[in-house]
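Student: Input file: coords_2.tsv. Contents: TSV, C-alpha atoms and all ligand atoms.
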chain	number	residue	atom	x	y	z
L	1	MET	CA	-15.22	-25.63	31.58
L	2	GLY	CA	-17.26	-28.52	30.34
L	3	LEU	CA	-16.25	-28.53	26.72
L	4	SER	CA	-16.02	-32.29	26.70
L	5	ARG	CA	-19.72	-32.37	27.46
L	6	ILE	CA	-20.57	-30.98	24.08
L	7	LEU	CA	-22.44	-33.97	22.86
L	8	PRO	CA	-25.97	-34.28	21.59
L	9	ARG	CA	-28.49	-34.30	24.39
L	10	SER	CA	-30.09	-37.35	22.89
L	11	GLN	CA	-29.70	-37.01	19.17
L	12	PRO	CA	-28.78	-34.23	16.80
L	13	PRO	CA	-31.32	-31.43	16.59
L	14	PRO	CA	-34.01	-32.22	14.06
L	15	GLU	CA	-33.96	-30.44	10.73
L	16	PRO	CA	-36.60	-27.78	10.33
L	17	VAL	CA	-39.64	-29.04	8.49
L	18	ALA	CA	-39.98	-26.21	6.00
L	19	PRO	CA	-37.22	-25.56	3.46
L	20	GLU	CA	-35.25	-22.48	4.35
L	21	PRO	CA	-33.64	-19.75	2.32
L	22	ASP	CA	-29.85	-19.72	2.20
L	23	GLU	CA	-29.57	-16.13	3.18
L	24	THR	CA	-31.37	-14.19	5.86
L	25	ASP	CA	-32.45	-10.73	4.85
L	26	GLU	CA	-31.17	-8.38	7.42
L	27	PRO	CA	-33.96	-7.43	9.82
L	28	GLU	CA	-34.76	-3.78	10.33
L	29	VAL	CA	-34.11	-4.14	14.03
L	30	ALA	CA	-30.71	-4.95	15.46
L	31	THR	CA	-30.02	-8.05	17.50
L	32	GLN	CA	-29.89	-5.85	20.56
L	33	PRO	CA	-31.56	-2.51	21.15
L	34	THR	CA	-29.62	0.20	19.38
L	35	SER	CA	-31.10	2.93	21.50
L	36	GLY	CA	-29.24	2.02	24.68
L	37	PRO	CA	-26.17	3.85	25.87
L	38	ARG	CA	-23.49	4.28	23.24
L	39	LEU	CA	-20.20	2.59	23.82
L	40	HIS	CA	-18.08	4.31	26.36
L	41	ALA	CA	-14.37	4.27	26.01
L	42	VAL	CA	-12.67	2.54	28.88
L	43	PRO	CA	-9.70	4.69	29.92
L	44	SER	CA	-6.71	2.83	28.62
L	45	SER	CA	-4.00	4.77	30.31
L	46	GLU	CA	-3.62	6.60	33.57
L	47	VAL	CA	-1.59	9.65	34.38
L	48	VAL	CA	0.50	8.93	37.44
L	49	GLY	CA	2.27	12.11	38.52
L	50	ASP	CA	3.77	13.48	35.31
L	51	VAL	CA	4.26	10.09	33.76
L	52	GLU	CA	1.59	8.61	31.54
L	53	GLU	CA	1.47	4.90	32.20
L	54	HIS	CA	-0.05	2.70	29.53
L	55	ALA	CA	-1.74	-0.51	30.46
L	56	MET	CA	-0.62	-3.63	28.65
L	57	ALA	CA	-2.75	-4.71	25.71
L	58	SER	CA	-5.22	-7.47	26.14
L	59	VAL	CA	-4.29	-10.05	23.50
L	60	ILE	CA	-7.22	-12.05	22.11
L	61	ALA	CA	-6.94	-14.91	19.61
L	62	PHE	CA	-9.91	-15.64	17.33
L	63	ALA	CA	-9.78	-19.35	16.72
L	64	ASN	CA	-11.76	-22.28	15.45
L	65	GLN	CA	-10.13	-24.98	13.36
L	66	LYS	CA	-13.31	-25.19	11.32
L	67	GLY	CA	-13.07	-23.06	8.20
L	68	GLY	CA	-15.46	-20.28	7.27
L	69	VAL	CA	-17.02	-19.63	10.69
L	70	ALA	CA	-16.29	-15.85	10.64
L	71	LYS	CA	-12.94	-15.69	12.47
L	72	THR	CA	-11.60	-13.09	10.05
L	73	THR	CA	-14.89	-11.17	9.82
L	74	THR	CA	-15.05	-11.02	13.61
L	75	THR	CA	-11.41	-10.00	14.07
L	76	LEU	CA	-11.79	-7.07	11.68
L	77	ASN	CA	-15.23	-5.83	12.65
L	78	LEU	CA	-14.75	-6.24	16.38
L	79	GLY	CA	-11.38	-4.49	16.01
L	80	VAL	CA	-12.97	-1.54	14.21
L	81	ALA	CA	-15.83	-1.42	16.76
L	82	LEU	CA	-13.33	-1.38	19.65
L	83	LYS	CA	-11.50	1.48	17.94
L	84	GLU	CA	-14.79	3.38	17.52
L	85	ALA	CA	-15.20	2.93	21.27
L	86	GLY	CA	-11.91	4.72	21.88
L	87	GLN	CA	-9.56	1.76	22.20
L	88	ARG	CA	-6.11	1.51	20.61
L	89	VAL	CA	-6.35	-1.59	18.42
L	90	LEU	CA	-3.90	-3.76	16.48
L	91	ILE	CA	-5.17	-6.68	14.40
L	92	ILE	CA	-2.74	-9.34	13.23
L	93	ASP	CA	-3.17	-11.61	10.21
L	94	LEU	CA	-1.72	-15.02	11.10
L	95	ASP	CA	-3.46	-16.85	8.26
L	96	PRO	CA	-1.51	-17.69	5.08
L	97	GLN	CA	-4.78	-17.15	3.18
L	98	GLY	CA	-4.30	-13.45	4.01
L	99	ASN	CA	-8.04	-12.76	4.17
L	100	LEU	CA	-7.73	-10.20	6.96
L	101	THR	CA	-5.07	-8.34	4.98
L	102	MET	CA	-7.28	-8.43	1.87
L	103	SER	CA	-10.31	-7.26	3.80
L	104	GLN	CA	-8.38	-4.05	4.50
L	105	GLY	CA	-7.70	-3.56	0.79
L	106	MET	CA	-4.16	-4.98	0.56
L	107	ASN	CA	-2.94	-7.80	-1.65
L	108	PRO	CA	-1.03	-10.53	0.26
L	109	ASP	CA	0.54	-11.70	-3.02
L	110	VAL	CA	2.59	-8.53	-3.43
L	111	ILE	CA	3.36	-7.65	0.19
L	112	GLU	CA	7.10	-7.79	0.78
L	113	ARG	CA	7.43	-8.00	4.53
L	114	SER	CA	4.83	-9.73	6.62
L	115	MET	CA	4.21	-11.74	9.76
L	116	PHE	CA	6.36	-14.46	8.15
L	117	ASP	CA	9.41	-12.23	8.56
L	118	VAL	CA	8.35	-11.30	12.08
L	119	LEU	CA	7.93	-14.93	13.20
L	120	VAL	CA	10.78	-16.56	11.30
L	121	HIS	CA	13.37	-13.79	10.84
L	122	ARG	CA	12.60	-11.81	14.01
L	123	VAL	CA	11.88	-8.61	12.05
L	124	PRO	CA	10.28	-6.08	14.47
L	125	ILE	CA	6.50	-6.28	14.20
L	126	SER	CA	6.29	-2.50	13.80
L	127	ASP	CA	7.91	-2.99	10.34
L	128	VAL	CA	4.85	-4.89	9.07
L	129	ILE	CA	2.10	-2.76	10.63
L	130	HIS	CA	0.02	-0.70	8.21
L	131	THR	CA	-2.58	1.80	9.34
L	132	VAL	CA	-5.91	1.41	7.58
L	133	GLU	CA	-9.20	1.42	9.53
L	134	VAL	CA	-7.18	0.04	12.41
L	135	ASP	CA	-3.50	-0.87	12.65
L	136	ILE	CA	-2.92	-4.21	10.94
L	137	ALA	CA	0.14	-6.48	10.90
L	138	VAL	CA	-0.14	-8.07	7.48
L	139	ALA	CA	0.19	-11.58	6.06
L	140	SER	CA	1.78	-12.44	2.76
L	141	ILE	CA	1.80	-15.57	0.67
L	142	ASP	CA	5.10	-16.56	2.43
L	143	LEU	CA	3.23	-17.24	5.62
L	144	ALA	CA	2.26	-20.60	4.13
L	145	GLY	CA	5.86	-21.68	4.77
L	146	ALA	CA	5.97	-20.38	8.32
L	147	GLU	CA	4.87	-23.59	10.05
L	148	LEU	CA	7.67	-25.53	8.38
L	149	ALA	CA	10.29	-22.82	8.91
L	150	LEU	CA	9.27	-22.35	12.55
L	151	SER	CA	9.28	-26.06	13.29
L	152	ALA	CA	13.08	-26.11	13.02
L	153	LEU	CA	13.55	-23.23	15.47
L	154	ILE	CA	14.06	-23.39	19.20
L	155	GLY	CA	11.25	-21.52	20.94
L	156	ARG	CA	9.05	-22.03	17.90
L	157	GLU	CA	5.84	-21.74	19.94
L	158	ARG	CA	6.88	-18.42	21.48
L	159	ALA	CA	7.85	-16.47	18.36
L	160	LEU	CA	4.67	-14.36	18.38
L	161	GLU	CA	4.72	-13.80	22.14
L	162	LYS	CA	8.26	-12.40	21.78
L	163	ALA	CA	7.32	-10.23	18.82
L	164	LEU	CA	4.45	-8.66	20.75
L	165	VAL	CA	6.67	-7.40	23.59
L	166	GLU	CA	7.53	-4.39	21.39
L	167	VAL	CA	3.91	-3.28	21.04
L	168	ARG	CA	2.03	-4.50	24.10
L	169	ASP	CA	2.08	-1.10	25.77
L	170	LYS	CA	1.07	0.74	22.59
L	171	TYR	CA	-2.35	-0.87	22.24
L	172	ASP	CA	-5.33	-1.69	24.41
L	173	TYR	CA	-6.38	-4.65	22.27
L	174	VAL	CA	-4.33	-6.91	20.03
L	175	LEU	CA	-6.59	-9.25	18.03
L	176	LEU	CA	-5.12	-12.32	16.34
L	177	ASP	CA	-6.81	-13.86	13.30
L	178	THR	CA	-5.77	-17.51	13.06
L	179	PRO	CA	-5.97	-20.06	10.23
L	180	PRO	CA	-8.52	-22.89	10.20
L	181	SER	CA	-6.17	-25.42	11.81
L	182	LEU	CA	-4.60	-26.10	15.19
L	183	GLY	CA	-1.06	-25.99	13.81
L	184	LEU	CA	1.97	-23.98	14.91
L	185	LEU	CA	0.58	-20.59	13.86
L	186	THR	CA	-2.53	-21.10	15.99
L	187	ILE	CA	-0.42	-22.48	18.86
L	188	ASN	CA	1.71	-19.31	18.66
L	189	ALA	CA	-1.51	-17.31	18.98
L	190	PHE	CA	-2.62	-19.34	22.04
L	191	VAL	CA	0.78	-18.88	23.69
L	192	ALA	CA	0.73	-15.10	23.12
L	193	ALA	CA	-2.93	-14.62	24.06
L	194	ASP	CA	-4.66	-13.78	27.31
L	195	GLY	CA	-7.93	-15.11	25.98
L	196	VAL	CA	-9.48	-16.92	23.05
L	197	ILE	CA	-12.75	-15.91	21.44
L	198	VAL	CA	-14.32	-18.71	19.43
L	199	PRO	CA	-16.66	-17.76	16.60
L	200	VAL	CA	-19.09	-20.62	16.09
L	201	GLN	CA	-21.46	-21.02	13.21
L	202	CYS	CA	-24.94	-21.76	14.54
L	203	GLU	CA	-25.03	-25.30	13.18
L	204	TYR	CA	-24.91	-28.53	15.09
L	205	LEU	CA	-21.91	-29.98	13.27
L	206	SER	CA	-19.89	-26.83	13.98
L	207	LEU	CA	-20.24	-27.37	17.71
L	208	ARG	CA	-18.45	-30.72	17.81
L	209	GLY	CA	-15.07	-29.25	16.84
L	210	LEU	CA	-14.98	-27.26	20.06
L	211	VAL	CA	-13.89	-30.34	22.00
L	212	GLN	CA	-10.73	-30.60	19.92
L	213	LEU	CA	-10.06	-26.89	20.31
L	214	GLU	CA	-10.37	-27.14	24.08
L	215	ASN	CA	-8.02	-30.17	24.16
L	216	THR	CA	-5.39	-28.15	22.30
L	217	LEU	CA	-5.89	-25.20	24.65
L	218	ALA	CA	-5.53	-27.52	27.65
L	219	MET	CA	-2.18	-28.71	26.25
L	220	VAL	CA	-1.05	-25.11	25.80
L	221	ARG	CA	-2.14	-24.28	29.36
L	222	GLU	CA	-0.21	-27.24	30.73
L	223	ASN	CA	3.02	-26.60	28.85
L	224	LEU	CA	3.28	-23.06	27.56
L	225	ASN	CA	0.73	-20.50	28.80
L	226	PRO	CA	-1.08	-21.41	32.03
L	227	ALA	CA	-3.28	-18.30	31.86
L	228	VAL	CA	-4.91	-18.72	28.47
L	229	ARG	CA	-8.61	-19.53	28.51
L	230	VAL	CA	-11.71	-19.31	26.37
L	231	GLN	CA	-12.95	-15.78	26.94
L	232	GLY	CA	-16.14	-16.12	24.96
L	233	ILE	CA	-18.05	-17.85	22.22
L	234	VAL	CA	-19.66	-15.77	19.47
L	235	PRO	CA	-22.58	-17.34	17.63
L	236	THR	CA	-22.21	-16.32	13.98
L	237	MET	CA	-24.27	-16.65	10.80
L	238	TYR	CA	-27.36	-16.89	12.97
L	239	ASP	CA	-30.69	-17.27	11.26
L	240	GLY	CA	-33.29	-16.99	14.03
L	241	ARG	CA	-36.05	-18.20	11.72
L	242	THR	CA	-34.67	-21.74	11.75
L	243	LEU	CA	-35.22	-24.20	14.54
L	244	HIS	CA	-31.77	-25.58	13.83
L	245	ALA	CA	-30.02	-22.28	14.65
L	246	ARG	CA	-32.06	-21.81	17.82
L	247	GLU	CA	-31.24	-25.36	18.93
L	248	ALA	CA	-27.56	-24.79	18.25
L	249	ILE	CA	-27.62	-21.74	20.54
L	250	GLU	CA	-29.40	-23.77	23.23
L	251	ILE	CA	-26.74	-26.48	23.05
L	252	LEU	CA	-24.01	-23.85	23.27
L	253	GLN	CA	-25.62	-22.25	26.32
L	254	GLU	CA	-26.16	-25.61	28.04
L	255	ASN	CA	-22.49	-26.43	27.60
L	256	PHE	CA	-20.81	-23.07	28.05
L	257	GLY	CA	-23.27	-20.95	30.04
L	258	ASP	CA	-22.10	-17.36	30.41
L	259	LEU	CA	-19.21	-17.85	28.02
L	260	VAL	CA	-21.68	-17.48	25.15
L	261	PHE	CA	-21.94	-13.80	24.23
L	262	GLU	CA	-25.46	-12.35	24.17
L	263	THR	CA	-24.83	-10.80	20.76
L	264	ARG	CA	-25.84	-12.96	17.83
L	265	ILE	CA	-24.14	-12.18	14.54
L	266	ARG	CA	-26.89	-12.70	12.00
L	267	LYS	CA	-26.47	-14.24	8.60
L	268	THR	CA	-26.39	-11.51	5.97
L	269	VAL	CA	-24.60	-10.99	2.71
L	270	ARG	CA	-23.32	-7.61	3.89
L	271	TYR	CA	-20.47	-9.32	5.74
L	272	ALA	CA	-19.30	-10.80	2.44
L	273	GLU	CA	-19.80	-7.56	0.50
L	274	ALA	CA	-17.72	-5.30	2.75
L	275	PRO	CA	-14.32	-7.06	2.27
L	276	VAL	CA	-14.68	-6.72	-1.51
L	277	LYS	CA	-14.50	-2.96	-0.90
L	278	GLY	CA	-11.53	-3.45	1.44
L	279	SER	CA	-13.71	-2.33	4.31
L	280	SER	CA	-15.26	-3.37	7.59
L	281	VAL	CA	-19.07	-3.40	7.77
L	282	LEU	CA	-18.79	-0.49	10.19
L	283	ARG	CA	-17.35	1.70	7.44
L	284	TYR	CA	-19.20	0.04	4.55
L	285	ASP	CA	-22.62	0.33	6.08
L	286	PRO	CA	-22.33	2.07	9.45
L	287	THR	CA	-26.01	2.41	10.28
L	288	ARG	CA	-27.12	-1.14	9.49
L	289	PRO	CA	-27.79	-3.84	12.10
L	290	SER	CA	-24.79	-5.77	10.70
L	291	ALA	CA	-22.49	-2.98	11.94
L	292	GLN	CA	-24.39	-2.53	15.19
L	293	ALA	CA	-24.03	-6.24	16.00
L	294	TYR	CA	-20.24	-5.84	16.22
L	295	ARG	CA	-20.65	-2.68	18.32
L	296	ASP	CA	-22.78	-4.73	20.69
L	297	LEU	CA	-20.11	-7.41	20.79
L	298	ALA	CA	-17.43	-4.77	21.48
L	299	LYS	CA	-19.50	-3.49	24.39
L	300	GLU	CA	-19.72	-7.00	25.81
L	301	VAL	CA	-15.95	-7.45	25.49
L	302	LEU	CA	-15.31	-4.08	27.18
L	303	ASP	CA	-17.84	-4.78	29.94
L	304	GLY	CA	-16.19	-8.17	30.55
L	305	ALA	CA	-12.77	-6.50	30.80
L	306	GLN	CA	-14.11	-3.95	33.29
L	307	ALA	CA	-15.77	-6.66	35.37
L	308	ARG	CA	-12.45	-8.53	35.59
L	309	GLU	CA	-10.59	-5.35	36.59
L	310	HIS	CA	-12.99	-4.72	39.44
L	311	ALA	CA	-13.21	-8.35	40.57
M	401	LIG	N1	-22.67	-13.25	9.69
M	401	LIG	C1	-22.38	-13.61	8.44
M	401	LIG	N2	-23.37	-13.83	7.55
M	401	LIG	C2	-23.10	-14.21	6.28
M	401	LIG	N3	-21.86	-14.37	5.78
M	401	LIG	C3	-20.84	-14.17	6.61
M	401	LIG	C4	-21.03	-13.79	7.98
M	401	LIG	N4	-19.82	-13.65	8.56
M	401	LIG	C5	-18.92	-13.94	7.61
M	401	LIG	N5	-19.51	-14.24	6.44
M	401	LIG	C6	-18.88	-14.63	5.18
M	401	LIG	O1	-18.55	-16.01	5.28
M	401	LIG	C7	-17.28	-16.27	4.69
M	401	LIG	C8	-16.33	-16.84	5.75
M	401	LIG	O2	-16.10	-15.82	6.73
M	401	LIG	P1	-14.64	-15.60	7.31
M	401	LIG	O3	-13.64	-15.50	6.22
M	401	LIG	O4	-14.71	-14.49	8.29
M	401	LIG	O5	-14.47	-16.97	8.08
M	401	LIG	P2	-13.11	-17.61	8.67
M	401	LIG	O6	-13.52	-18.44	9.85
M	401	LIG	O7	-12.11	-16.56	8.90
M	401	LIG	O8	-12.68	-18.53	7.45
M	401	LIG	P3	-11.28	-19.33	7.33
M	401	LIG	O9	-11.40	-20.47	8.25
M	401	LIG	O10	-11.20	-19.72	5.89
M	401	LIG	O11	-10.20	-18.36	7.74
M	401	LIG	C9	-16.80	-14.96	4.11
M	401	LIG	O12	-17.19	-14.88	2.78
M	401	LIG	C10	-17.56	-13.92	4.94
M	401	LIG	O13	-17.73	-12.72	4.24
M	402	MG	MG	-10.17	-16.41	8.15
In structure tokens, what does this structure look like?

Tutor:
Amino acid sequence: MGLSRILPRSQPPPEPVAPEPDETDEPEVATQPTSGPRLHAVPSSEVVGDVEEHAMASVIAFANQKGGVAKTTTTLNLGVALKEAGQRVLIIDLDPQGNLTMSQGMNPDVIERSMFDVLVHRVPISDVIHTVEVDIAVASIDLAGAELALSALIGRERALEKALVEVRDKYDYVLLDTPPSLGLLTINAFVAADGVIVPVQCEYLSLRGLVQLENTLAMVRENLNPAVRVQGIVPTMYDGRTLHAREAIEILQENFGDLVFETRIRKTVRYAEAPVKGSSVLRYDPTRPSAQAYRDLAKEVLDGAQAREHA
């Protein structure tokens, strides 16, 4: 994958001439037709004789060391959309900020047992899973000390991979929300993951950080998890009225081709409103294009998984 080619074609895309509003009003039409076939659940388990055999979960890390690009928003809303489509879903909060935990209505400051205890004290992950819209393994304020505590442990990069063994046959998708850094928590996610989905804000400067992310992934592939790869790139906070956003998508497509999902997650305040209610946009505002966008993304993820199965 040519991540190292992500350089300006000649110079950075020009700024749009006209001043633009900060926020895009949500259009009445969705980013993709809403009238197409509804999501179909992919059978996640097969009955072989009398024994029901569950497939192993697909583990996907949502990562970008740049802050505020919609990693957490995408982990939650894609997770809820996959569940709507009939999948068994676990989302895991690996960020000491605890935003994913908060966006499901829980307060990381008062949570007693969290992913910190799972990673550092080997507490079973099932002890920190709460069931809200989807199953969620929560973060607490302690997680801020996890990088330091882990760094002294042997097998520090594999703590999450080991913890997931307990639950890999209980879910179809395990989605990992990572912090905005490429530290030990994110490395743990890369080691445990089958694939990485990279949310990217549709701005030129956001694209440059992808080179660093790919270098880190290459190191992980070489030393710890040969199979992990970028599974897709999600353009987020897209405002199609600006030349800048359209140029950013063009640059992404030139560099990453089919890895760029078709779904564009548009810029709208609804994504910021929903977490205040402890809710995904799919529950907060189920009929709006903002919810449909994540259903479209879920369909793309499921279609990609099916294509790989039949390859
Ligand atoms: N498509 C969108 N349009 C407008 N605002 C959005 C969109 N997606 C997310 N947001 C808002 O932008 C902010 C950052 O989003 P989010 O927390 O998901 O990013 P993040 O990459 O997880 O951030 P961090 O790096 O701090 O973990 C939040 O307030 C969120 O509600
Ligand atoms: Mg986040």

Student: Residues at most 6 Å from ligand MG 402 (chain M), using only C-alpha atoms and all ligand atoms? Could they come as a list in words?

Tutor: Lys71, Thr72, Asn99 and Pro179 of chain L

Student: Throw together the list of residues within 8 Å of ligand LIG 401 (chain M), counting only C-alpha atoms and all ligand atoms, and drop it here as a PyMOL selection string.

Tutor: chain L and resi 23+63-74+95+97+99-100+177-180+199+236-238+265-275+290

Student: Please write out, as AutoDock Vina command-line options, where the centre of an axis-aligned box around all listed atoms of stretch 59-78 of chain L lies and how long its edges are, in Å to one decimal, after adding 4 Å on each side.

Tutor:
--center_x -10.7 --center_y -15.5 --center_z 15.4 --size_x 20.7 --size_y 27.4 --size_z 24.2

Student: Pick out the residues sitting within 12 Å of L:Glu147, and hand them over as a list of chain:residue names; count all atoms listed in the file, and ignore anything fewer than 4 positions along from it in its own chain.

Tutor: L:Leu94, L:Asp95, L:Pro96, L:Met115, L:Phe116, L:Leu119, L:Val120, L:Asp142, L:Leu143, L:Ser151, L:Ala152, L:Leu153, L:Arg156, L:Glu157, L:Ala159, L:Pro179, L:Ser181, L:Leu182, L:Gly183, L:Leu184, L:Leu185, L:Thr186, L:Ile187, L:Asn188

Student: Deliver the residues from the most recent selection as a file, using C-alpha atoms, as a compact mmCIF listing (two decimals), in the coordinates of the input.

Tutor:
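Below is the file that was written, out02.txt:
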# COMPACT_ATOMS: atom_id res chain seq x y z
CA LEU L 94 -1.72 -15.02 11.10
CA ASP L 95 -3.46 -16.85 8.26
CA PRO L 96 -1.51 -17.69 5.08
CA MET L 115 4.21 -11.74 9.76
CA PHE L 116 6.36 -14.46 8.15
CA LEU L 119 7.93 -14.93 13.20
CA VAL L 120 10.78 -16.56 11.30
CA ASP L 142 5.10 -16.56 2.43
CA LEU L 143 3.23 -17.24 5.62
CA SER L 151 9.28 -26.06 13.29
CA ALA L 152 13.08 -26.11 13.02
CA LEU L 153 13.55 -23.23 15.47
CA ARG L 156 9.05 -22.03 17.90
CA GLU L 157 5.84 -21.74 19.94
CA ALA L 159 7.85 -16.47 18.36
CA PRO L 179 -5.97 -20.06 10.23
CA SER L 181 -6.17 -25.42 11.81
CA LEU L 182 -4.60 -26.10 15.19
CA GLY L 183 -1.06 -25.99 13.81
CA LEU L 184 1.97 -23.98 14.91
CA LEU L 185 0.58 -20.59 13.86
CA THR L 186 -2.53 -21.10 15.99
CA ILE L 187 -0.42 -22.48 18.86
CA ASN L 188 1.71 -19.31 18.66

Student: Could you jot down the atom CA of L:Tyr204 to atom CA of L:Asp258 separation for me, Å, one decimal place?

Tutor: 19.2 Å

Student: Smallest atom-to-atom distance to L:Gln201: which of L:Ala144, L:Leu160, L:Arg246, L:Ser280, using all atoms listed in the file?

Tutor: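 Of L:Ala144, L:Leu160, L:Arg246, L:Ser280, the one nearest L:Gln201 is L:Arg246, counting all atoms listed in the file.
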
Student: Just the number, please: distance in Å from atom CA of L:Asp239 to atom CA of L:Glu203, one decimal.

Tutor: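 Atom CA of L:Glu203 lies 10.0 Å from atom CA of L:Asp239.
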
Student: Nearest to L:Ile111: which of L:Ala137, L:Val174, L:Ala55, L:Leu210 is it, counting all atoms listed in the file?

Tutor: L:Ala137

Student: Of the residues L:Leu259, L:Ile154, L:Val301, L:Ile249, which is the one nearest to L:Cys202, using all atoms listed in the file?

Tutor: L:Ile249

Student: So which residues touch stretch 87-92 of chain L within 7 Å, counting only C-alpha atoms, skipping near sequence neighbours fewer than 3 positions away, as a list in words?

Tutor: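 Residues near the query, excluding close chain neighbours: Ala41, Gly79, Leu82, Lys83, Val134, Asp135, Ile136, Ala137, Val138, Tyr171, Asp172, Tyr173, Val174, Leu175, Leu176 and Asp177 of chain L.
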